[in-house]
>>> print(open('query-v1.tsv').read())   # TSV, N, CA and C atoms
chain	number	residue	atom	x	y	z
A	1	MET	N	16.20	5.41	-23.54
A	1	MET	CA	17.10	5.23	-22.43
A	1	MET	C	18.44	4.74	-22.97
A	2	ALA	N	19.51	5.18	-22.36
A	2	ALA	CA	20.86	4.83	-22.79
A	2	ALA	C	21.18	3.38	-22.45
A	3	VAL	N	21.90	2.73	-23.34
A	3	VAL	CA	22.34	1.36	-23.11
A	3	VAL	C	23.79	1.42	-22.65
A	4	ASN	N	24.06	0.75	-21.54
A	4	ASN	CA	25.40	0.74	-20.97
A	4	ASN	C	26.03	-0.64	-21.14
A	5	LYS	N	27.31	-0.64	-21.46
A	5	LYS	CA	28.05	-1.90	-21.53
A	5	LYS	C	28.69	-2.11	-20.17
A	6	VAL	N	28.38	-3.27	-19.57
A	6	VAL	CA	28.85	-3.55	-18.22
A	6	VAL	C	29.64	-4.85	-18.22
A	7	LYS	N	30.80	-4.83	-17.57
A	7	LYS	CA	31.63	-6.03	-17.45
A	7	LYS	C	31.42	-6.63	-16.07
A	8	LEU	N	31.16	-7.94	-16.04
A	8	LEU	CA	30.94	-8.66	-14.79
A	8	LEU	C	31.82	-9.90	-14.76
A	9	ASN	N	32.12	-10.34	-13.55
A	9	ASN	CA	32.81	-11.61	-13.38
A	9	ASN	C	31.98	-12.43	-12.41
A	10	ILE	N	31.44	-13.53	-12.93
A	10	ILE	CA	30.59	-14.40	-12.12
A	10	ILE	C	31.15	-15.81	-12.19
A	11	GLY	N	31.50	-16.33	-11.04
A	11	GLY	CA	32.04	-17.68	-10.98
A	11	GLY	C	33.34	-17.84	-11.75
A	12	GLY	N	34.12	-16.78	-11.80
A	12	GLY	CA	35.40	-16.85	-12.49
A	12	GLY	C	35.32	-16.63	-13.99
A	13	THR	N	34.15	-16.38	-14.52
A	13	THR	CA	33.98	-16.14	-15.95
A	13	THR	C	33.58	-14.68	-16.16
A	14	ASP	N	34.25	-14.06	-17.13
A	14	ASP	CA	33.95	-12.66	-17.45
A	14	ASP	C	32.78	-12.59	-18.43
A	15	TYR	N	31.92	-11.63	-18.18
A	15	TYR	CA	30.77	-11.39	-19.04
A	15	TYR	C	30.74	-9.92	-19.38
A	16	SER	N	30.39	-9.62	-20.60
A	16	SER	CA	30.19	-8.24	-21.02
A	16	SER	C	28.75	-8.15	-21.51
A	17	ILE	N	27.95	-7.36	-20.81
A	17	ILE	CA	26.53	-7.30	-21.13
A	17	ILE	C	26.10	-5.87	-21.42
A	18	LEU	N	24.99	-5.74	-22.12
A	18	LEU	CA	24.39	-4.45	-22.37
A	18	LEU	C	23.17	-4.31	-21.46
A	19	ALA	N	23.06	-3.18	-20.80
A	19	ALA	CA	21.95	-2.97	-19.86
A	19	ALA	C	21.49	-1.52	-19.91
A	20	GLU	N	20.20	-1.34	-19.77
A	20	GLU	CA	19.65	0.02	-19.70
A	20	GLU	C	19.75	0.59	-18.28
A	21	ASP	N	19.96	-0.29	-17.31
A	21	ASP	CA	20.08	0.15	-15.92
A	21	ASP	C	21.43	0.81	-15.68
A	22	ASP	N	21.52	1.50	-14.56
A	22	ASP	CA	22.75	2.16	-14.14
A	22	ASP	C	23.87	1.12	-14.01
A	23	VAL	N	25.06	1.50	-14.44
A	23	VAL	CA	26.21	0.59	-14.42
A	23	VAL	C	26.47	0.08	-13.00
A	24	LYS	N	26.47	0.96	-12.02
A	24	LYS	CA	26.75	0.55	-10.64
A	24	LYS	C	25.70	-0.45	-10.15
A	25	TYR	N	24.47	-0.23	-10.53
A	25	TYR	CA	23.40	-1.15	-10.14
A	25	TYR	C	23.65	-2.54	-10.72
A	26	VAL	N	23.97	-2.60	-12.00
A	26	VAL	CA	24.21	-3.89	-12.66
A	26	VAL	C	25.45	-4.56	-12.07
A	27	GLN	N	26.48	-3.77	-11.77
A	27	GLN	CA	27.68	-4.34	-11.15
A	27	GLN	C	27.36	-4.91	-9.77
A	28	GLU	N	26.51	-4.23	-9.02
A	28	GLU	CA	26.10	-4.74	-7.70
A	28	GLU	C	25.33	-6.05	-7.85
A	29	LEU	N	24.45	-6.11	-8.84
A	29	LEU	CA	23.74	-7.37	-9.10
A	29	LEU	C	24.74	-8.48	-9.43
A	30	GLY	N	25.74	-8.14	-10.25
A	30	GLY	CA	26.76	-9.12	-10.61
A	30	GLY	C	27.53	-9.61	-9.40
A	31	LYS	N	27.87	-8.70	-8.49
A	31	LYS	CA	28.58	-9.09	-7.26
A	31	LYS	C	27.72	-10.01	-6.40
A	32	GLU	N	26.45	-9.69	-6.28
A	32	GLU	CA	25.54	-10.54	-5.49
A	32	GLU	C	25.41	-11.92	-6.13
A	33	LEU	N	25.27	-11.94	-7.44
A	33	LEU	CA	25.16	-13.20	-8.16
A	33	LEU	C	26.43	-14.03	-8.02
A	34	ASP	N	27.58	-13.37	-8.14
A	34	ASP	CA	28.86	-14.08	-7.99
A	34	ASP	C	28.99	-14.66	-6.59
A	35	ALA	N	28.61	-13.88	-5.58
A	35	ALA	CA	28.70	-14.37	-4.19
A	35	ALA	C	27.79	-15.58	-3.98
A	36	ALA	N	26.57	-15.52	-4.49
A	36	ALA	CA	25.63	-16.63	-4.34
A	36	ALA	C	26.13	-17.85	-5.12
A	37	PHE	N	26.65	-17.62	-6.30
A	37	PHE	CA	27.19	-18.71	-7.12
A	37	PHE	C	28.37	-19.38	-6.43
A	38	THR	N	29.27	-18.57	-5.91
A	38	THR	CA	30.45	-19.09	-5.21
A	38	THR	C	30.04	-19.89	-3.98
A	39	LYS	N	29.04	-19.40	-3.26
A	39	LYS	CA	28.55	-20.11	-2.08
A	39	LYS	C	28.01	-21.49	-2.45
A	40	ILE	N	27.24	-21.56	-3.53
A	40	ILE	CA	26.71	-22.85	-3.99
A	40	ILE	C	27.84	-23.79	-4.39
A	41	MET	N	28.81	-23.28	-5.13
A	41	MET	CA	29.93	-24.11	-5.59
A	41	MET	C	30.75	-24.63	-4.41
A	42	LYS	N	30.96	-23.80	-3.39
A	42	LYS	CA	31.73	-24.23	-2.22
A	42	LYS	C	30.96	-25.26	-1.39
A	43	ALA	N	29.65	-25.09	-1.31
A	43	ALA	CA	28.83	-26.00	-0.51
A	43	ALA	C	28.63	-27.34	-1.21
A	44	ASN	N	28.74	-27.36	-2.53
A	44	ASN	CA	28.49	-28.57	-3.32
A	44	ASN	C	29.65	-28.75	-4.29
A	45	THR	N	30.77	-29.22	-3.80
A	45	THR	CA	31.99	-29.30	-4.62
A	45	THR	C	31.88	-30.28	-5.78
A	46	SER	N	30.90	-31.17	-5.77
A	46	SER	CA	30.81	-32.17	-6.84
A	46	SER	C	29.90	-31.74	-7.99
A	47	ILE	N	29.26	-30.54	-7.91
A	47	ILE	CA	28.36	-30.15	-9.00
A	47	ILE	C	29.10	-29.31	-10.03
A	48	SER	N	28.55	-29.31	-11.23
A	48	SER	CA	29.14	-28.53	-12.32
A	48	SER	C	28.69	-27.08	-12.21
A	49	THR	N	29.34	-26.23	-12.97
A	49	THR	CA	28.94	-24.82	-12.97
A	49	THR	C	27.53	-24.67	-13.53
A	50	THR	N	27.17	-25.51	-14.50
A	50	THR	CA	25.81	-25.47	-15.05
A	50	THR	C	24.79	-25.84	-13.98
A	51	GLN	N	25.09	-26.88	-13.22
A	51	GLN	CA	24.17	-27.28	-12.15
A	51	GLN	C	24.06	-26.18	-11.09
A	52	ALA	N	25.18	-25.57	-10.77
A	52	ALA	CA	25.17	-24.46	-9.80
A	52	ALA	C	24.34	-23.30	-10.34
A	53	ALA	N	24.49	-23.01	-11.64
A	53	ALA	CA	23.72	-21.93	-12.25
A	53	ALA	C	22.22	-22.24	-12.21
A	54	VAL	N	21.87	-23.51	-12.46
A	54	VAL	CA	20.45	-23.90	-12.42
A	54	VAL	C	19.91	-23.79	-11.00
A	55	LEU	N	20.67	-24.24	-10.01
A	55	LEU	CA	20.24	-24.11	-8.61
A	55	LEU	C	20.06	-22.64	-8.24
A	56	LEU	N	20.99	-21.82	-8.67
A	56	LEU	CA	20.91	-20.39	-8.38
A	56	LEU	C	19.70	-19.76	-9.08
A	57	ALA	N	19.46	-20.16	-10.32
A	57	ALA	CA	18.30	-19.65	-11.05
A	57	ALA	C	17.01	-20.06	-10.35
A	58	LEU	N	16.95	-21.31	-9.86
A	58	LEU	CA	15.76	-21.76	-9.13
A	58	LEU	C	15.56	-20.95	-7.85
A	59	ASP	N	16.66	-20.69	-7.16
A	59	ASP	CA	16.58	-19.90	-5.93
A	59	ASP	C	16.05	-18.50	-6.22
A	60	TYR	N	16.60	-17.86	-7.27
A	60	TYR	CA	16.15	-16.52	-7.63
A	60	TYR	C	14.71	-16.53	-8.13
A	61	ALA	N	14.33	-17.57	-8.89
A	61	ALA	CA	12.95	-17.68	-9.37
A	61	ALA	C	11.99	-17.82	-8.19
A	62	ASP	N	12.40	-18.62	-7.19
A	62	ASP	CA	11.59	-18.79	-5.99
A	62	ASP	C	11.42	-17.45	-5.26
A	63	GLU	N	12.51	-16.75	-5.06
A	63	GLU	CA	12.45	-15.44	-4.40
A	63	GLU	C	11.56	-14.48	-5.17
A	64	CYS	N	11.71	-14.48	-6.49
A	64	CYS	CA	10.92	-13.58	-7.33
A	64	CYS	C	9.43	-13.90	-7.21
A	65	LYS	N	9.11	-15.18	-7.31
A	65	LYS	CA	7.70	-15.59	-7.23
A	65	LYS	C	7.10	-15.23	-5.88
A	66	LYS	N	7.85	-15.46	-4.81
A	66	LYS	CA	7.37	-15.11	-3.47
A	66	LYS	C	7.23	-13.59	-3.32
A	67	ALA	N	8.16	-12.84	-3.90
A	67	ALA	CA	8.09	-11.37	-3.82
A	67	ALA	C	6.86	-10.86	-4.58
A	68	VAL	N	6.59	-11.45	-5.74
A	68	VAL	CA	5.41	-11.06	-6.51
A	68	VAL	C	4.14	-11.38	-5.72
A	69	ALA	N	4.10	-12.56	-5.10
A	69	ALA	CA	2.93	-12.94	-4.30
A	69	ALA	C	2.75	-11.98	-3.12
A	70	THR	N	3.85	-11.62	-2.48
A	70	THR	CA	3.79	-10.67	-1.37
A	70	THR	C	3.29	-9.31	-1.85
A	71	ALA	N	3.81	-8.87	-2.99
A	71	ALA	CA	3.38	-7.58	-3.55
A	71	ALA	C	1.89	-7.62	-3.89
A	72	ASP	N	1.44	-8.75	-4.45
A	72	ASP	CA	0.01	-8.89	-4.77
A	72	ASP	C	-0.84	-8.81	-3.50
A	73	ARG	N	-0.39	-9.51	-2.44
A	73	ARG	CA	-1.13	-9.46	-1.17
A	73	ARG	C	-1.15	-8.04	-0.61
A	74	LEU	N	-0.02	-7.35	-0.70
A	74	LEU	CA	0.04	-5.97	-0.20
A	74	LEU	C	-0.88	-5.06	-1.01
A	75	ARG	N	-0.90	-5.25	-2.34
A	75	ARG	CA	-1.81	-4.45	-3.18
A	75	ARG	C	-3.26	-4.71	-2.78
A	76	GLU	N	-3.59	-5.97	-2.52
A	76	GLU	CA	-4.96	-6.32	-2.11
A	76	GLU	C	-5.29	-5.69	-0.75
A	77	GLN	N	-4.32	-5.74	0.18
A	77	GLN	CA	-4.54	-5.10	1.48
A	77	GLN	C	-4.74	-3.60	1.33
A	78	ILE	N	-3.93	-2.99	0.50
A	78	ILE	CA	-4.06	-1.54	0.27
A	78	ILE	C	-5.43	-1.23	-0.33
A	79	LYS	N	-5.86	-2.06	-1.29
A	79	LYS	CA	-7.18	-1.87	-1.89
A	79	LYS	C	-8.26	-1.99	-0.81
A	80	ASP	N	-8.13	-3.00	0.06
A	80	ASP	CA	-9.10	-3.15	1.15
A	80	ASP	C	-9.09	-1.94	2.07
A	81	TYR	N	-7.88	-1.44	2.40
A	81	TYR	CA	-7.77	-0.26	3.25
A	81	TYR	C	-8.40	0.96	2.59
A	82	LEU	N	-8.18	1.11	1.29
A	82	LEU	CA	-8.77	2.24	0.57
A	82	LEU	C	-10.29	2.12	0.53
A	83	ASP	N	-10.80	0.88	0.33
A	83	ASP	CA	-12.25	0.67	0.36
A	83	ASP	C	-12.80	1.00	1.75
A	84	ASP	N	-12.10	0.54	2.79
A	84	ASP	CA	-12.54	0.84	4.16
A	84	ASP	C	-12.52	2.35	4.42
A	85	ALA	N	-11.47	3.01	3.94
A	85	ALA	CA	-11.37	4.46	4.13
A	85	ALA	C	-12.50	5.18	3.38
A	86	SER	N	-12.81	4.70	2.19
A	86	SER	CA	-13.91	5.30	1.42
A	86	SER	C	-15.24	5.11	2.14
A	87	ASP	N	-15.46	3.90	2.67
A	87	ASP	CA	-16.68	3.64	3.43
A	87	ASP	C	-16.75	4.54	4.67
A	88	ALA	N	-15.62	4.66	5.36
A	88	ALA	CA	-15.58	5.50	6.56
A	88	ALA	C	-15.86	6.96	6.20
A	89	LYS	N	-15.31	7.41	5.07
A	89	LYS	CA	-15.55	8.78	4.64
A	89	LYS	C	-17.03	8.99	4.33
A	90	SER	N	-17.63	8.02	3.65
A	90	SER	CA	-19.06	8.12	3.34
A	90	SER	C	-19.89	8.18	4.62
A	91	LYS	N	-19.54	7.33	5.58
A	91	LYS	CA	-20.26	7.33	6.85
A	91	LYS	C	-20.05	8.64	7.60
A	92	ALA	N	-18.83	9.16	7.56
A	92	ALA	CA	-18.55	10.44	8.22
A	92	ALA	C	-19.32	11.57	7.55
A	93	ASP	N	-19.38	11.56	6.21
A	93	ASP	CA	-20.14	12.58	5.49
A	93	ASP	C	-21.62	12.49	5.87
A	94	TRP	N	-22.15	11.25	5.94
A	94	TRP	CA	-23.55	11.07	6.32
A	94	TRP	C	-23.77	11.58	7.75
A	95	ALA	N	-22.84	11.26	8.66
A	95	ALA	CA	-22.97	11.68	10.05
A	95	ALA	C	-22.93	13.21	10.16
A	96	ARG	N	-22.04	13.85	9.39
A	96	ARG	CA	-21.99	15.33	9.40
A	96	ARG	C	-23.31	15.91	8.90
A	97	HIS	N	-23.83	15.34	7.82
A	97	HIS	CA	-25.10	15.81	7.28
A	97	HIS	C	-26.23	15.60	8.30
A	98	GLU	N	-26.23	14.43	8.92
A	98	GLU	CA	-27.25	14.12	9.94
A	98	GLU	C	-27.13	15.08	11.13
A	99	ALA	N	-25.91	15.36	11.56
A	99	ALA	CA	-25.70	16.29	12.68
A	99	ALA	C	-26.20	17.68	12.32
A	100	GLU	N	-25.94	18.10	11.09
A	100	GLU	CA	-26.41	19.42	10.64
A	100	GLU	C	-27.93	19.46	10.62
A	101	SER	N	-28.55	18.38	10.13
A	101	SER	CA	-30.02	18.31	10.11
A	101	SER	C	-30.57	18.35	11.52
A	102	LEU	N	-29.93	17.62	12.43
A	102	LEU	CA	-30.40	17.61	13.83
A	102	LEU	C	-30.21	18.98	14.49
A	103	LYS	N	-29.13	19.67	14.16
A	103	LYS	CA	-28.95	21.03	14.70
A	103	LYS	C	-30.07	21.95	14.23
A	104	LYS	N	-30.41	21.85	12.94
A	104	LYS	CA	-31.49	22.69	12.40
A	104	LYS	C	-32.81	22.34	13.07
A	105	GLU	N	-33.05	21.04	13.23
A	105	GLU	CA	-34.29	20.61	13.87
A	105	GLU	C	-34.32	21.06	15.33
A	106	ALA	N	-33.21	20.97	16.03
A	106	ALA	CA	-33.15	21.42	17.42
A	106	ALA	C	-33.41	22.91	17.50
A	107	GLU	N	-32.89	23.69	16.56
A	107	GLU	CA	-33.12	25.14	16.57
A	107	GLU	C	-34.60	25.44	16.33
A	108	LYS	N	-35.22	24.70	15.40
A	108	LYS	CA	-36.66	24.88	15.16
A	108	LYS	C	-37.45	24.55	16.43
A	109	LEU	N	-37.06	23.48	17.10
A	109	LEU	CA	-37.76	23.09	18.33
A	109	LEU	C	-37.56	24.12	19.44
A	110	ARG	N	-36.35	24.71	19.52
A	110	ARG	CA	-36.13	25.77	20.51
A	110	ARG	C	-37.03	26.97	20.23
A	111	LEU	N	-37.12	27.33	18.96
A	111	LEU	CA	-37.99	28.46	18.60
A	111	LEU	C	-39.45	28.14	18.90
A	112	GLU	N	-39.85	26.91	18.54
A	112	GLU	CA	-41.23	26.49	18.82
A	112	GLU	C	-41.49	26.46	20.32
A	113	ASN	N	-40.53	26.00	21.09
A	113	ASN	CA	-40.65	25.96	22.55
A	113	ASN	C	-40.80	27.39	23.09
A	114	GLY	N	-39.98	28.29	22.59
A	114	GLY	CA	-40.08	29.70	23.03
A	114	GLY	C	-41.43	30.30	22.67
A	115	ARG	N	-41.92	30.01	21.47
A	115	ARG	CA	-43.22	30.51	21.05
A	115	ARG	C	-44.33	29.95	21.94
A	116	LEU	N	-44.24	28.62	22.21
A	116	LEU	CA	-45.27	28.00	23.05
A	116	LEU	C	-45.21	28.53	24.48
A	117	LYS	N	-44.03	28.80	25.01
A	117	LYS	CA	-43.91	29.37	26.35
A	117	LYS	C	-44.56	30.75	26.40
A	118	ALA	N	-44.26	31.52	25.35
A	118	ALA	CA	-44.85	32.88	25.31
A	118	ALA	C	-46.37	32.79	25.21
A	119	GLU	N	-46.85	31.85	24.39
A	119	GLU	CA	-48.30	31.67	24.24
A	119	GLU	C	-48.93	31.21	25.55
A	120	LEU	N	-48.26	30.26	26.25
A	120	LEU	CA	-48.76	29.78	27.54
A	120	LEU	C	-48.78	30.92	28.56
A	121	LYS	N	-47.75	31.73	28.56
A	121	LYS	CA	-47.67	32.85	29.50
A	121	LYS	C	-48.81	33.82	29.22
A	122	ALA	N	-49.07	34.07	27.94
A	122	ALA	CA	-50.15	34.99	27.59
A	122	ALA	C	-51.50	34.42	28.03
A	123	VAL	N	-51.70	33.13	27.87
A	123	VAL	CA	-52.95	32.49	28.29
A	123	VAL	C	-53.07	32.56	29.81
A	124	LEU	N	-51.97	32.23	30.52
A	124	LEU	CA	-52.01	32.26	31.97
A	124	LEU	C	-52.20	33.69	32.49
A	125	ASP	N	-51.54	34.65	31.84
A	125	ASP	CA	-51.71	36.05	32.26
A	125	ASP	C	-53.14	36.50	32.01
A	126	GLY	N	-53.75	36.02	30.90
A	126	GLY	CA	-55.14	36.39	30.58
A	126	GLY	C	-56.13	35.71	31.51
A	127	ALA	N	-55.80	34.52	31.97
A	127	ALA	CA	-56.71	33.77	32.85
A	127	ALA	C	-56.63	34.33	34.28
A	128	GLY	N	-55.53	34.94	34.60
A	128	GLY	CA	-55.35	35.47	35.95
A	128	GLY	C	-56.09	36.78	36.11
A	129	ASN	N	-56.56	37.41	35.10
A	129	ASN	CA	-57.24	38.70	35.20
A	129	ASN	C	-58.64	38.57	35.56
>>> encode(input="query-v1.tsv", output="structure tokens")
Amino acid sequence: MAVNKVKLNIGGTDYSILAEDDVKYVQELGKELDAAFTKIMKANTSISTTQAAVLLALDYADECKKAVATADRLREQIKDYLDDASDAKSKADWARHEAESLKKEAEKLRLENGRLKAELKAVLDGAGN
């Protein structure tokens, strides 16, 4: 993958970084980071840039950890849904097989019923003579 040199300005300081990601993507990240950094500095005028950077890093670490936990929960839910779908498919396959067996059995019973009716008719016709 190509390495791109990207220039960013965060908190009034210029940075030149190398990134494998798209330049526009990295620049957008830099803009978001600068906006969040500036917001922290304006809200807390007595803190240093290092303290602001640490607070911002903690905020991003928190978001990242929560996003990972959410992704893990979603993966688990998807796994549960796939297991449920697999169980439902197995039950549906069994039901189709059972329905087919019952159709065959019903057809055998219809034939047997027809044979017995014919046999009964023959007996009754013979007894009536």
>>> atom_distance(input="query-v1.tsv", atom1="CA of Gly126 (chain A)", atom2="CA of Ala106 (chain A)")
29.7 Å
>>> atom_distance(input="query-v1.tsv", atom1="CA of Thr45 (chain A)", atom2="CA of Val6 (chain A)")
29.3 Å
>>> atom_distance(input="query-v1.tsv", atom1="atom C of Leu33 (chain A)", atom2="atom C of Leu8 (chain A)")
9.6 Å
>>> closest_residue(input="query-v1.tsv", among="A:Lys7, A:Leu58, A:Ala127, A:Leu116", to="Val26 (chain A)", atoms="all atoms listed in the file")
A:Lys7
>>> select_by_dssp(input="query-v1.tsv", residues="chain A", states="alpha helix (DSSP H)", output="ChimeraX atom specification")
/A:23-43,49-127
